[in-house]
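Trainee: Right, I'll just put the structure down here and ask away after.
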Amino acid sequence: MRILFVCSEADPFVKTGGLADVCGALPKALARRGHDVRVMLPRYRAIDRGKWGLRPILPEMKVDYAGHTITGEVLVGHLPGTEIPVYFIEQPHLYDRPGIYDGEHGAFGDNDLRFAFLCLAALWTLKGLDWRPDVIHTHDWQAALVPALLKHHPAIVAEPFYHGIGTVQTIHNIAYQGNFAPHIVENCGLPWSVYTSEGMEFYGRASLLKAGLTFSDFVTTVSRTYADEVRTPAFGGGLEGVLSARGERFLGIQNGIDAEVWNPEADKALAKNYTADRPEGKDACKTDLQEFCGLPKRNVPVVAMVSRLVEPKGFDLIKEILPDLLQREDMQAVLLGSGSPRFEKYFSDLARLMPKKFAAKVGYDEKMAHKIYAGADIFLVPSAFEPSGLTQLYAMRYGTVPVVRRTGGLADTVSHASVPEIEAGKSTGFVFNDFLPDALLWGINQALTLYRTDKPHWSRLRRNGMLKNFAWDISAAEYEALYQKTVAVATKA
Ligand code: ADP
């Protein structure tokens, strides 16, 4: 099958979160299954043309928007280590900026144009390349206009090249909906007939995500539990009705991990490599992490977090319990993250107050993230909601035991520890229910107690996580089956 991914980030070119991991790794797993997969994304300033060997492939792009012609060009490169083509939409006025989505004063004011252009340019490029995919897989709101354009843009509908292309829209996080002033509808050439409550109108705004949810052939999200959750008002962000109405056309497929990038046996960022059968190298990784963070090199439990520092990730809960916990327990904690200034300041200040026990790095640091997954003992993911969550998967793969809240992909991938279940090879971490500081504390205390009092079961628990197979291949097979259904639906339409 020929499959095109349209997305706003893909690892290793540009990444702000899990979306990039998926768009960098799933194409590889699909290509391994014999598909012709290609990826399309904007060429932001952060993506260096020279470093990635990008070369022009379509030099003169012309896309109509709001009565004007916007010009651009298309560059091509490859996902590193593969033959998978990645097309980059070059438009300096829109994408040559320091940030991806946000500038100094928050979200860019023209994000509607920036991503509508991505969608129009993606379809233009296919025709220009004369490469017609069977399925276009669009990710999050930034790419979600594509299904609407294919079904309703008059010039696109009139062009036989586009007929019968199937669409799959994936929700990586329903909190991000891309809601804009309605004029985007006509600016990108869509008829006002799409701007209804059954279409992309959403409380007086044009919702790009909703366009993807209504006009695509299938909708997916990144875990089964999150798929159930977003059908309810508590999680659906107002789109629960739209999703429920899609019935069996909406399903959850758990995200996997890139088992080559995230492999403690071969990871070059680690002081020492290790495996589930020979885990000794993990001790050297802990010492290395402590040295890297300026913490005393002591054999105490190290609790870690790697995350965007935003409220839904549970940092208010962590704030509430961490100072006391550090005071009381002979332990250390490490945090890597960036995001909300109030959390950045709080955790930086705490690290200055407790330099022997707590290290915080504000920023984005891929290498340090690898060192943390390897060097820590316990990994916290106390999210209010978590569509898939990847960090708990990386932690498990590196033998670091996760403490997570029972929601979304966390509920689906971490199994709470009990002695019989540990011995049966099933338990992989600690799971608490309520989004409350005490519940998180309960989870951490359970982990610390097992770590200190029952080394054999602790080691087994770690090993269970390392042996779980979260590689993409399993989920890629599910996507493949879905693409086949999509083709059947789209060609019949
Ligand atoms: P989300 O997409 O909501 O941010 P996920 O758990 O799905 O959450 O994915 C987060 C990804 O971003 C993981 O690959 C994680 O390692 C990475 N990450 C988050 N913050 C940082 C950071 N400050 N430095 C390096 N990697 C980070």
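In the structure tokens, chains take letters A, B, ... by order of appearance, with residues numbered from 1 within each chain and ligands from 1 in the order shown.
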Using only C-alpha atoms and all ligand atoms, I'd like a table of the residues in chain A that come within 8 Å of ligand 1; for each, show the closest atom pair and its distance in Å rounded to one decimal, ordered by chain and ascending number, as CSV.
Mentor:
```
residue,atom,partner,partner_atom_place_in_ligand_line,distance
A:Lys15,CA,ligand 1,12 (O),7.4
A:Thr16,CA,ligand 1,12 (O),6.2
A:Gly17,CA,ligand 1,2 (O),3.7
A:Gly18,CA,ligand 1,2 (O),3.3
A:Leu19,CA,ligand 1,2 (O),5.7
A:Ala20,CA,ligand 1,11 (C),7.9
A:Asp21,CA,ligand 1,14 (O),6.2
A:His172,CA,ligand 1,2 (O),7.4
A:Asn173,CA,ligand 1,3 (O),7.3
A:Val306,CA,ligand 1,20 (N),5.2
A:Ser307,CA,ligand 1,20 (N),3.8
A:Arg308,CA,ligand 1,20 (N),4.7
A:Leu309,CA,ligand 1,20 (N),7.8
A:Lys313,CA,ligand 1,3 (O),7.8
A:Leu336,CA,ligand 1,23 (N),5.0
A:Gly337,CA,ligand 1,23 (N),3.5
A:Ser338,CA,ligand 1,23 (N),5.3
A:Lys361,CA,ligand 1,23 (N),7.9
A:Val362,CA,ligand 1,23 (N),6.9
A:Gly363,CA,ligand 1,23 (N),5.1
A:Tyr364,CA,ligand 1,24 (N),3.6
A:Asp365,CA,ligand 1,24 (N),4.1
A:Glu366,CA,ligand 1,25 (C),4.2
A:Lys367,CA,ligand 1,25 (C),7.4
A:Met368,CA,ligand 1,25 (C),6.9
A:Ala369,CA,ligand 1,25 (C),5.0
A:His370,CA,ligand 1,16 (O),7.7
A:Glu386,CA,ligand 1,3 (O),6.9
A:Pro387,CA,ligand 1,7 (O),7.4
A:Ser388,CA,ligand 1,7 (O),5.8
A:Gly389,CA,ligand 1,6 (O),3.6
A:Leu390,CA,ligand 1,6 (O),3.8
A:Thr391,CA,ligand 1,6 (O),4.5
A:Gln392,CA,ligand 1,6 (O),7.1
A:Tyr394,CA,ligand 1,16 (O),7.6
```
Trainee: Show me, as number ranges by chain, the residues that have an atom within 12 Å of Arg452 (chain A) when counting only C-alpha atoms, minus same-chain residues fewer than 2 positions from it.
Mentor: A: 299-301, 329-331, 377, 445-450, 454-459
Trainee: As an MDAnalysis selection string, please: every residue in region 154-387 of chain A that a backbone DSSP assignment puts in strand (DSSP E or B).
Mentor: chainID A and resid 166:171 179:180 201:202 205:207 218:221 250:252 257 302:309 332:339 358:362 378:381
Trainee: Please, could you write that set of residues out with N, CA and C atoms as a tab-separated table (two decimals), in the first residue's frame?
Mentor:
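What landed in result_23.tsv:
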```tsv
chain	number	residue	atom	x	y	z
A	166	GLY	N	-8.16	7.20	0.59
A	166	GLY	CA	-8.76	7.03	1.92
A	166	GLY	C	-8.06	7.90	2.95
A	167	THR	N	-8.77	8.19	4.06
A	167	THR	CA	-8.16	9.03	5.10
A	167	THR	C	-8.35	8.44	6.49
A	168	VAL	N	-7.30	8.53	7.27
A	168	VAL	CA	-7.35	8.15	8.68
A	168	VAL	C	-6.86	9.35	9.48
A	169	GLN	N	-7.65	9.78	10.44
A	169	GLN	CA	-7.26	10.91	11.30
A	169	GLN	C	-6.93	10.37	12.68
A	170	THR	N	-5.74	10.69	13.18
A	170	THR	CA	-5.40	10.25	14.54
A	170	THR	C	-5.40	11.43	15.51
A	171	ILE	N	-6.00	11.19	16.67
A	171	ILE	CA	-5.98	12.17	17.76
A	171	ILE	C	-4.86	11.77	18.72
A	179	ASN	N	-8.98	25.43	17.11
A	179	ASN	CA	-10.23	26.17	16.88
A	179	ASN	C	-9.91	27.61	16.50
A	180	PHE	N	-10.45	28.05	15.36
A	180	PHE	CA	-10.10	29.37	14.83
A	180	PHE	C	-11.35	30.11	14.37
A	201	GLU	N	-18.01	23.14	12.34
A	201	GLU	CA	-18.35	24.24	13.25
A	201	GLU	C	-18.33	23.73	14.69
A	202	PHE	N	-17.76	24.54	15.57
A	202	PHE	CA	-17.64	24.11	16.95
A	202	PHE	C	-17.79	25.33	17.85
A	205	ARG	N	-16.82	28.53	16.23
A	205	ARG	CA	-15.45	28.57	15.70
A	205	ARG	C	-15.32	27.45	14.66
A	206	ALA	N	-14.30	27.57	13.85
A	206	ALA	CA	-14.00	26.48	12.94
A	206	ALA	C	-12.96	25.59	13.61
A	207	SER	N	-13.31	24.34	13.85
A	207	SER	CA	-12.39	23.43	14.53
A	207	SER	C	-11.72	22.53	13.49
A	218	PHE	N	-11.75	6.98	8.76
A	218	PHE	CA	-11.63	6.39	10.10
A	218	PHE	C	-10.91	7.37	11.01
A	219	VAL	N	-11.25	7.28	12.29
A	219	VAL	CA	-10.57	8.09	13.29
A	219	VAL	C	-9.92	7.13	14.29
A	220	THR	N	-8.71	7.43	14.68
A	220	THR	CA	-8.09	6.61	15.74
A	220	THR	C	-7.56	7.53	16.82
A	221	THR	N	-7.34	6.92	17.98
A	221	THR	CA	-6.54	7.58	18.98
A	221	THR	C	-5.55	6.56	19.52
A	250	PHE	N	-14.35	4.71	14.82
A	250	PHE	CA	-13.41	5.33	15.76
A	250	PHE	C	-12.85	4.26	16.69
A	251	LEU	N	-11.53	4.13	16.72
A	251	LEU	CA	-10.94	3.08	17.55
A	251	LEU	C	-9.60	3.51	18.15
A	252	GLY	N	-9.15	2.78	19.16
A	252	GLY	CA	-7.88	3.08	19.81
A	252	GLY	C	-6.82	2.06	19.41
A	257	ILE	N	6.89	1.81	20.62
A	257	ILE	CA	8.13	2.58	20.74
A	257	ILE	C	9.10	2.13	19.65
A	302	VAL	N	16.51	6.48	43.06
A	302	VAL	CA	16.42	7.72	42.28
A	302	VAL	C	15.07	7.74	41.56
A	303	VAL	N	14.28	8.76	41.88
A	303	VAL	CA	12.95	8.92	41.28
A	303	VAL	C	13.07	9.97	40.17
A	304	ALA	N	12.47	9.69	39.00
A	304	ALA	CA	12.69	10.62	37.89
A	304	ALA	C	11.42	11.00	37.16
A	305	MET	N	11.50	12.14	36.45
A	305	MET	CA	10.43	12.63	35.59
A	305	MET	C	11.06	13.24	34.35
A	306	VAL	N	10.49	12.92	33.19
A	306	VAL	CA	10.87	13.58	31.93
A	306	VAL	C	9.55	13.96	31.28
A	307	SER	N	9.32	15.26	31.11
A	307	SER	CA	7.97	15.62	30.66
A	307	SER	C	7.88	17.08	30.25
A	308	ARG	N	6.86	17.37	29.46
A	308	ARG	CA	6.46	18.75	29.32
A	308	ARG	C	5.93	19.18	30.68
A	309	LEU	N	6.34	20.38	31.13
A	309	LEU	CA	5.91	20.83	32.46
A	309	LEU	C	4.58	21.57	32.35
A	332	GLN	N	16.87	10.30	46.03
A	332	GLN	CA	17.15	11.46	45.17
A	332	GLN	C	16.06	11.55	44.10
A	333	ALA	N	15.93	12.73	43.52
A	333	ALA	CA	14.98	12.88	42.42
A	333	ALA	C	15.60	13.75	41.33
A	334	VAL	N	15.21	13.43	40.09
A	334	VAL	CA	15.73	14.15	38.92
A	334	VAL	C	14.55	14.52	38.03
A	335	LEU	N	14.55	15.77	37.59
A	335	LEU	CA	13.48	16.22	36.69
A	335	LEU	C	14.09	16.86	35.44
A	336	LEU	N	13.56	16.45	34.29
A	336	LEU	CA	13.92	17.11	33.03
A	336	LEU	C	12.63	17.54	32.37
A	337	GLY	N	12.52	18.83	32.06
A	337	GLY	CA	11.30	19.27	31.41
A	337	GLY	C	11.30	20.75	31.13
A	338	SER	N	10.37	21.13	30.29
A	338	SER	CA	10.18	22.56	30.08
A	338	SER	C	8.70	22.78	29.80
A	339	GLY	N	8.25	24.00	29.99
A	339	GLY	CA	6.84	24.29	29.77
A	339	GLY	C	6.41	25.51	30.54
A	358	PHE	N	17.95	16.79	44.94
A	358	PHE	CA	17.08	17.02	43.79
A	358	PHE	C	17.81	17.81	42.71
A	359	ALA	N	17.73	17.31	41.48
A	359	ALA	CA	18.32	18.02	40.34
A	359	ALA	C	17.23	18.27	39.32
A	360	ALA	N	17.18	19.50	38.81
A	360	ALA	CA	16.17	19.82	37.79
A	360	ALA	C	16.86	20.49	36.62
A	361	LYS	N	16.58	20.00	35.44
A	361	LYS	CA	17.06	20.71	34.26
A	361	LYS	C	15.85	21.21	33.48
A	362	VAL	N	15.79	22.52	33.30
A	362	VAL	CA	14.73	23.11	32.51
A	362	VAL	C	15.23	23.19	31.07
A	378	ILE	N	12.85	4.69	39.67
A	378	ILE	CA	11.39	4.85	39.68
A	378	ILE	C	11.05	6.04	38.78
A	379	PHE	N	9.98	5.90	37.99
A	379	PHE	CA	9.65	6.96	37.03
A	379	PHE	C	8.19	7.38	37.25
A	380	LEU	N	7.96	8.69	37.39
A	380	LEU	CA	6.61	9.16	37.72
A	380	LEU	C	5.86	9.70	36.50
A	381	VAL	N	4.62	9.22	36.32
A	381	VAL	CA	3.73	9.79	35.30
A	381	VAL	C	2.32	9.93	35.91
```
Trainee: Quick one, how far is CA of Cys293 (chain A) from CA of Trp262 (chain A)?
Mentor: 21.1 Å
Trainee: Can you tell me, as an MDAnalysis selection string, which residues in region 51-144 of chain A count as helix (DSSP H, G or I) by DSSP?
Mentor: chainID A and resid 92:95 111:129 140:143
Trainee: Do you know which residues are at most 10 Å from Val489 (chain A) counting only C-alpha atoms, after dropping those on the same chain fewer than 4 positions away, and could you put them as a PyMOL selection string?
Mentor: chain A and resi 164-167+217-218+483-485+493
Trainee: May I have the residues within 10 Å of Val310 (chain A) as a ChimeraX atom specification, using only C-alpha atoms and disregarding those fewer than 4 positions away in the same chain?
Mentor: /A:314-316,337-344,383
Trainee: Taking N, CA and C atoms for each residue, export the selection above as a PDB file, in the first residue's frame.
Mentor:
```pdb
ATOM      1  N   GLY A 314       0.418  16.479  35.799  1.00  0.00           N
ATOM      2  CA  GLY A 314       0.382  16.185  37.240  1.00  0.00           C
ATOM      3  C   GLY A 314       1.441  16.885  38.063  1.00  0.00           C
ATOM      4  N   PHE A 315       1.994  17.993  37.558  1.00  0.00           N
ATOM      5  CA  PHE A 315       3.080  18.621  38.310  1.00  0.00           C
ATOM      6  C   PHE A 315       2.608  19.342  39.570  1.00  0.00           C
ATOM      7  N   ASP A 316       1.312  19.667  39.636  1.00  0.00           N
ATOM      8  CA  ASP A 316       0.823  20.222  40.908  1.00  0.00           C
ATOM      9  C   ASP A 316       0.839  19.158  41.996  1.00  0.00           C
ATOM     10  N   GLY A 337      12.524  18.833  32.065  1.00  0.00           N
ATOM     11  CA  GLY A 337      11.295  19.269  31.410  1.00  0.00           C
ATOM     12  C   GLY A 337      11.303  20.750  31.125  1.00  0.00           C
ATOM     13  N   SER A 338      10.374  21.132  30.291  1.00  0.00           N
ATOM     14  CA  SER A 338      10.176  22.556  30.080  1.00  0.00           C
ATOM     15  C   SER A 338       8.703  22.776  29.798  1.00  0.00           C
ATOM     16  N   GLY A 339       8.254  24.002  29.991  1.00  0.00           N
ATOM     17  CA  GLY A 339       6.839  24.287  29.765  1.00  0.00           C
ATOM     18  C   GLY A 339       6.407  25.507  30.539  1.00  0.00           C
ATOM     19  N   SER A 340       5.453  25.305  31.425  1.00  0.00           N
ATOM     20  CA  SER A 340       4.868  26.421  32.144  1.00  0.00           C
ATOM     21  C   SER A 340       5.915  27.093  33.046  1.00  0.00           C
ATOM     22  N   PRO A 341       6.058  28.431  32.921  1.00  0.00           N
ATOM     23  CA  PRO A 341       7.071  29.142  33.714  1.00  0.00           C
ATOM     24  C   PRO A 341       6.914  28.915  35.213  1.00  0.00           C
ATOM     25  N   ARG A 342       5.657  28.766  35.675  1.00  0.00           N
ATOM     26  CA  ARG A 342       5.514  28.609  37.136  1.00  0.00           C
ATOM     27  C   ARG A 342       6.135  27.285  37.603  1.00  0.00           C
ATOM     28  N   PHE A 343       6.024  26.239  36.807  1.00  0.00           N
ATOM     29  CA  PHE A 343       6.655  24.970  37.198  1.00  0.00           C
ATOM     30  C   PHE A 343       8.172  25.054  37.002  1.00  0.00           C
ATOM     31  N   GLU A 344       8.586  25.678  35.919  1.00  0.00           N
ATOM     32  CA  GLU A 344      10.027  25.792  35.667  1.00  0.00           C
ATOM     33  C   GLU A 344      10.692  26.473  36.860  1.00  0.00           C
ATOM     34  N   SER A 383      -0.378  11.674  35.390  1.00  0.00           N
ATOM     35  CA  SER A 383      -1.164  12.544  34.520  1.00  0.00           C
ATOM     36  C   SER A 383      -2.653  12.575  34.863  1.00  0.00           C
TER      37      SER A 383
END
```
Trainee: Show which residues sit within 7 Å of region 460-462 of chain A, as a list of chain:residue names. Count only C-alpha atoms, and ignore same-chain residues fewer than 2 positions away.
Mentor: A:Gly399, A:Thr400, A:Val401, A:Ile422, A:Ser427, A:Thr428, A:Pro456, A:His457, A:Trp458, A:Asn464, A:Gly465, A:Met466
Trainee: Restricting the output to N, CA and C atoms, write the selected residues as a PDB file, in the first residue's frame.
Mentor:
```pdb
ATOM      1  N   GLY A 399      14.227  -0.646  32.399  1.00  0.00           N
ATOM      2  CA  GLY A 399      14.262  -1.241  33.735  1.00  0.00           C
ATOM      3  C   GLY A 399      13.995  -0.252  34.853  1.00  0.00           C
ATOM      4  N   THR A 400      13.307   0.841  34.544  1.00  0.00           N
ATOM      5  CA  THR A 400      12.954   1.834  35.554  1.00  0.00           C
ATOM      6  C   THR A 400      11.457   1.703  35.801  1.00  0.00           C
ATOM      7  N   VAL A 401      11.104   1.491  37.058  1.00  0.00           N
ATOM      8  CA  VAL A 401       9.726   1.077  37.362  1.00  0.00           C
ATOM      9  C   VAL A 401       8.787   2.294  37.391  1.00  0.00           C
ATOM     10  N   ILE A 422       3.788 -10.256  40.152  1.00  0.00           N
ATOM     11  CA  ILE A 422       5.202 -10.033  39.818  1.00  0.00           C
ATOM     12  C   ILE A 422       5.811 -11.373  39.429  1.00  0.00           C
ATOM     13  N   SER A 427       3.121  -8.062  36.482  1.00  0.00           N
ATOM     14  CA  SER A 427       3.212  -6.691  37.002  1.00  0.00           C
ATOM     15  C   SER A 427       4.412  -5.978  36.410  1.00  0.00           C
ATOM     16  N   THR A 428       4.219  -4.674  36.155  1.00  0.00           N
ATOM     17  CA  THR A 428       5.333  -3.891  35.596  1.00  0.00           C
ATOM     18  C   THR A 428       5.542  -2.566  36.316  1.00  0.00           C
ATOM     19  N   PRO A 456      14.615  -9.141  45.629  1.00  0.00           N
ATOM     20  CA  PRO A 456      14.322 -10.121  44.576  1.00  0.00           C
ATOM     21  C   PRO A 456      13.067  -9.771  43.784  1.00  0.00           C
ATOM     22  N   HIS A 457      12.001  -9.347  44.483  1.00  0.00           N
ATOM     23  CA  HIS A 457      10.784  -8.999  43.751  1.00  0.00           C
ATOM     24  C   HIS A 457      10.949  -7.687  42.982  1.00  0.00           C
ATOM     25  N   TRP A 458      11.729  -6.779  43.549  1.00  0.00           N
ATOM     26  CA  TRP A 458      11.991  -5.530  42.820  1.00  0.00           C
ATOM     27  C   TRP A 458      12.694  -5.838  41.486  1.00  0.00           C
ATOM     28  N   ASN A 464      10.312  -7.663  34.393  1.00  0.00           N
ATOM     29  CA  ASN A 464       9.029  -7.814  33.689  1.00  0.00           C
ATOM     30  C   ASN A 464       8.823  -6.672  32.694  1.00  0.00           C
ATOM     31  N   GLY A 465       9.102  -5.457  33.148  1.00  0.00           N
ATOM     32  CA  GLY A 465       8.922  -4.293  32.277  1.00  0.00           C
ATOM     33  C   GLY A 465       9.857  -4.354  31.086  1.00  0.00           C
ATOM     34  N   MET A 466      11.091  -4.767  31.348  1.00  0.00           N
ATOM     35  CA  MET A 466      12.083  -4.814  30.249  1.00  0.00           C
ATOM     36  C   MET A 466      11.708  -5.852  29.193  1.00  0.00           C
TER      37      MET A 466
END
```
Trainee: List the neighbours of region 433-437 of chain A out to 12 Å using only C-alpha atoms; skip same-chain residues closer than 4 positions along the sequence, and give me the result as a ChimeraX atom specification.
Mentor: /A:311-322,324-325,381-385,403-408,410-411,416,441-444
Trainee: So which one's closest to Pro98 (chain A), A:Ile47, A:Ile184, A:Val230, A:Ala158? Using only C-alpha atoms, please.
Mentor: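 Between A:Ile47, A:Ile184, A:Val230, A:Ala158, the residue approaching Pro98 (chain A) most closely is A:Ile47.
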Trainee: Counting only C-alpha atoms, which residue out of A:Phe470, A:Lys426, A:Ala269, A:Gln327 sits closest to Ile372 (chain A)?
Mentor: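 So, comparing all the options, the nearest one is A:Ala269.
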Trainee: Do you have the CA of Ala476 (chain A)-CA of Asn273 (chain A) distance handy?
Mentor: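 Between CA of Ala476 (chain A) and CA of Asn273 (chain A) the gap is 27.6 Å.
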Trainee: From the set A:Lys268, A:Arg132, A:His137, A:Arg397, which residue has the shortest atom-to-atom contact distance to Cys23 (chain A), counting only C-alpha atoms?
Mentor: A:His137
Trainee: I need the residue nearest Thr71 (chain A) from this list: A:Ala245, A:Ala29, A:Arg97, A:Ala121. Use only C-alpha atoms for the distance.
Mentor: A:Ala121
Trainee: Go through A:Glu291, A:Asp228, A:Asp412, A:Asp473 and flag the residue nearest Ala25 (chain A), using only C-alpha atoms for the distances.
Mentor: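 Among A:Glu291, A:Asp228, A:Asp412, A:Asp473, it is A:Asp473 that comes nearest to Ala25 (chain A).
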Trainee: Excluding Lys51 (chain A) and its own-chain neighbours fewer than 5 positions away, which residues fall within 12 Å of it when counting only C-alpha atoms? Please give them as a PyMOL selection string.
Mentor: chain A and resi 12-13+46+77-78+80
Trainee: Next, the residues of the selection above should be written as a PDB file, in the first residue's frame with all heavy atoms.
Mentor:
```pdb
ATOM      1  N   PRO A  12      13.548  12.266  13.886  1.00  0.00           N
ATOM      2  CA  PRO A  12      14.383  13.155  14.694  1.00  0.00           C
ATOM      3  C   PRO A  12      14.464  14.578  14.163  1.00  0.00           C
ATOM      4  O   PRO A  12      15.286  15.355  14.641  1.00  0.00           O
ATOM      5  CB  PRO A  12      15.760  12.479  14.572  1.00  0.00           C
ATOM      6  CG  PRO A  12      15.785  11.975  13.164  1.00  0.00           C
ATOM      7  CD  PRO A  12      14.361  11.569  12.853  1.00  0.00           C
ATOM      8  N   PHE A  13      13.633  14.956  13.215  1.00  0.00           N
ATOM      9  CA  PHE A  13      13.763  16.296  12.617  1.00  0.00           C
ATOM     10  C   PHE A  13      13.278  17.389  13.564  1.00  0.00           C
ATOM     11  O   PHE A  13      13.904  18.416  13.720  1.00  0.00           O
ATOM     12  CB  PHE A  13      12.961  16.367  11.308  1.00  0.00           C
ATOM     13  CG  PHE A  13      13.379  15.348  10.304  1.00  0.00           C
ATOM     14  CD1 PHE A  13      12.586  14.250  10.029  1.00  0.00           C
ATOM     15  CD2 PHE A  13      14.591  15.475   9.636  1.00  0.00           C
ATOM     16  CE1 PHE A  13      12.970  13.301   9.110  1.00  0.00           C
ATOM     17  CE2 PHE A  13      14.995  14.536   8.706  1.00  0.00           C
ATOM     18  CZ  PHE A  13      14.179  13.433   8.452  1.00  0.00           C
ATOM     19  N   ALA A  46      14.174  25.079  12.696  1.00  0.00           N
ATOM     20  CA  ALA A  46      14.935  24.097  13.487  1.00  0.00           C
ATOM     21  C   ALA A  46      15.406  22.901  12.650  1.00  0.00           C
ATOM     22  O   ALA A  46      16.262  22.136  13.098  1.00  0.00           O
ATOM     23  CB  ALA A  46      14.066  23.607  14.635  1.00  0.00           C
ATOM     24  N   GLY A  77      13.986  14.656   1.890  1.00  0.00           N
ATOM     25  CA  GLY A  77      15.073  14.010   2.621  1.00  0.00           C
ATOM     26  C   GLY A  77      14.594  12.605   2.944  1.00  0.00           C
ATOM     27  O   GLY A  77      13.631  12.112   2.336  1.00  0.00           O
ATOM     28  N   HIS A  78      15.247  11.963   3.910  1.00  0.00           N
ATOM     29  CA  HIS A  78      14.824  10.614   4.292  1.00  0.00           C
ATOM     30  C   HIS A  78      14.809  10.483   5.801  1.00  0.00           C
ATOM     31  O   HIS A  78      15.568  11.163   6.489  1.00  0.00           O
ATOM     32  CB  HIS A  78      15.790   9.576   3.713  1.00  0.00           C
ATOM     33  CG  HIS A  78      15.666   9.442   2.237  1.00  0.00           C
ATOM     34  ND1 HIS A  78      16.467  10.133   1.368  1.00  0.00           N
ATOM     35  CD2 HIS A  78      14.806   8.726   1.481  1.00  0.00           C
ATOM     36  CE1 HIS A  78      16.105   9.856   0.121  1.00  0.00           C
ATOM     37  NE2 HIS A  78      15.101   9.006   0.158  1.00  0.00           N
ATOM     38  N   PRO A  80      16.253   9.105   8.803  1.00  0.00           N
ATOM     39  CA  PRO A  80      17.619   8.599   8.912  1.00  0.00           C
ATOM     40  C   PRO A  80      17.677   7.066   8.997  1.00  0.00           C
ATOM     41  O   PRO A  80      16.881   6.450   9.696  1.00  0.00           O
ATOM     42  CB  PRO A  80      18.126   9.239  10.205  1.00  0.00           C
ATOM     43  CG  PRO A  80      17.328  10.490  10.322  1.00  0.00           C
ATOM     44  CD  PRO A  80      15.985  10.189   9.743  1.00  0.00           C
TER      45      PRO A  80
END
```
